[in-house]
Amino acid sequence: MKRVITYGTFDLFHRGHRSILERAKALGDYLIVGVTGESYDRERGKLNVRDSLPQRIENVRRTGLADEIIVEEYLGQKLSDVIKYDVDALAIGADWQGKFDYLRKYCEVVYLERTKDVSSSRLREDRAGLQRIGIITDRDSDGELEAEVNFVSGLEICGIMEGEPSDAFMEACDIVSVHVGYARRYESAKRAIEAGRPVIIDYPPGGRAKLADLYDLAEKKGIVMAPRIPLAYLRTFHQLISMLRGGGIGNILSIECASPTGESFRDTAALAVFAATRILGDGALNIRRVSLPGAVSYDRILLEYEGAAAGIAVSGCEWLEPGMTVLGTDGRAEIPDAWWNMSYFRLNTGATNGIKRYSSNAEGPGLRYLLSDLLLLIEEGRTDSGSFTKEEALRLTEIMEQGGLL
């Protein structure tokens with residue numbers, strides 16, 4: 001008996017999916033279908049999947065073509081499955097041409113042409129409508145937004161405006177990204193919200209009163225305002241938080257965090273304080289800032305808790321090595337280099353098996369996941385702001401005001 005395996009997301013099941021399954025089935029006697037899991041889809045950058053995993057499995061089952069259905073949950077699982085299920089042939093879409101040639105040592109690999117003029121991405125766009133996002137900026141870049149939009153189906157850039165946006169620009173946009181300096185953020189975001197446009201805004205846009213005003217206005221308009229903290233959307237960061245809260249390194253004693261100043265001290269400090277408060281909570285007993293005068297900027301922010309503390313270095317010094325270390329009574333967690341784009345972390349508990357490395361295989365910064373969540377909120381008609389909630393954003397602003405960081 002010849003055993004064949006194929007894989008896919010099978011979102012918004014269409015005739016192209018059925019055609020792939022029929023041709024895979026024709027290659028042998030027994031067909032195993034691997035349906036990608038929800039977390040794996042997000043990790044590999046396949047965003048805006050509409051159907052749930054149970055629904056996608058049911059879509060495949062109803063065809064009557066699958067003799068067995070499994071879930072693909074991690075990178076590299078195909079090799080394990082080929083061996084585990086004694087597979088004779090792997091059938092996969094031709095858009096992966098050459099990608100799985102390494103499996104030819106273990107089985108036959110067949111690349112199947114996709115059905116023309118049909119795709120889940122096109123169906124998603126037809127169902128929800130293509131959302132056009134306009135960027136208001138006064139900076140040298142768009143903050144990676146244009147590049148990240150390419151990973152989110154259902155979105156396209158409709159224009160980039162420097163200076164005050166025109167009425168025609170607002171009219172052309174379905175969503176507005178406000179990527180301007182601190183002094184202009186509040187007014188630019190307010191204008192977009194008043195025009196009825198969902199907004200992504202660099203955080204912080206001002207003090208607590210201004211932020212609350214923007215949230216209230218967005219709620220009255222029935223639209224989403226999403227402060228831009230991409231770290232909040234990274235799966236690896238959530239994995240770290242869960243491990244720390246579960247006592248993975250015992251009781252937390254301290255956080256040491258270092259960041260280059262970047263475009264703005266406020267923006268850099270906000271991201272670091274966000275990370276610290278997600279780990280230690282928002283109940284800091286005291287927060288203070290120490291600024292050292294000189295040709296090279298250097299600021300140190302200290303958050304004091306009962307039994308713990310967080311120290312944050314923000315500097316333009318070229319010798320500052322970015323990274324984050326969380327020290328506990330039973331070990332430490334280390335996030336080297338650009339911790340704000342956290343793709344992995346190390347846990348050292350002194351165990352005999354040494355340092356463990358944890359990763360979610362997430363691609364790129366968290367901005368693409370923020371955009372994906374934003375589209376889902378818009379589609380569902382919700383006004384909350386995703387993984388970085390209104391309550392959390394307001395509280396974080398209070399903490400920054402208390403410490404003189406705004």
# chains A, B, ... in the order shown; residues from 1 in each chain; ligands from 1
$ residues_around --residues "Ala269 in chain A" --least-positions-apart "3" --cutoff "9 Å" --atoms "only C-alpha atoms" --output "list in words"
Ser259, Thr261, Ser264, Phe265, Arg266, Ala272, Val273, Phe274, Ile301, Ile312, Ala313, Val314, Met400 and Leu405 of chain A
$ select_by_dssp --residues "range 172-254 of chain A" --states "strand (DSSP E or B)" --output "PyMOL selection string"
chain A and resi 175-179+199-202+225-228+248+250+252-254
$ residues_around --residues "Leu253 in chain A" --least-positions-apart "5" --cutoff "10 Å" --atoms "only C-alpha atoms" --output "ChimeraX atom specification"
/A:280,305-310,326-329,332
$ atom_distance --atom1 "CA of Arg3 in chain A" --atom2 "CA of Val49 in chain A"
28.7 Å
$ closest_residue --among "A:Ala94, A:Arg245, A:Val35, A:Val4" --to "Glu22 in chain A" --atoms "only C-alpha atoms"
A:Val4
$ residues_around --residues "Arg56 in chain A" --least-positions-apart "3" --cutoff "6 Å" --atoms "only C-alpha atoms" --output "list in words"
Phe10, Leu53 and Asn59 of chain A
$ residues_around --residues "Asp101 in chain A" --least-positions-apart "4" --cutoff "12 Å" --atoms "only C-alpha atoms" --output "list in words"
Lys78, Leu79, Ala89, Leu90, Ala91, Ile92, Trp96, Gln97, Lys105, Tyr106, Cys107, Glu108, Val109, Val110 and Tyr111 of chain A
$ select_by_dssp --residues "range 99-188 of chain A" --states "helix (DSSP H, G or I)" --output "ChimeraX atom specification"
/A:101-105,120-128,145-149,167-172,182-188
$ closest_residue --among "A:Arg15, A:Arg395, A:Lys2, A:Arg228" --to "Ala209 in chain A" --atoms "only C-alpha atoms"
A:Arg395
$ closest_residue --among "A:Glu256, A:Ser19, A:Ser52, A:Thr277" --to "Glu334 in chain A" --atoms "only C-alpha atoms"
A:Glu256
$ closest_residue --among "A:Leu371, A:Leu231, A:Leu302, A:Leu347" --to "Phe388 in chain A" --atoms "only C-alpha atoms"
A:Leu231
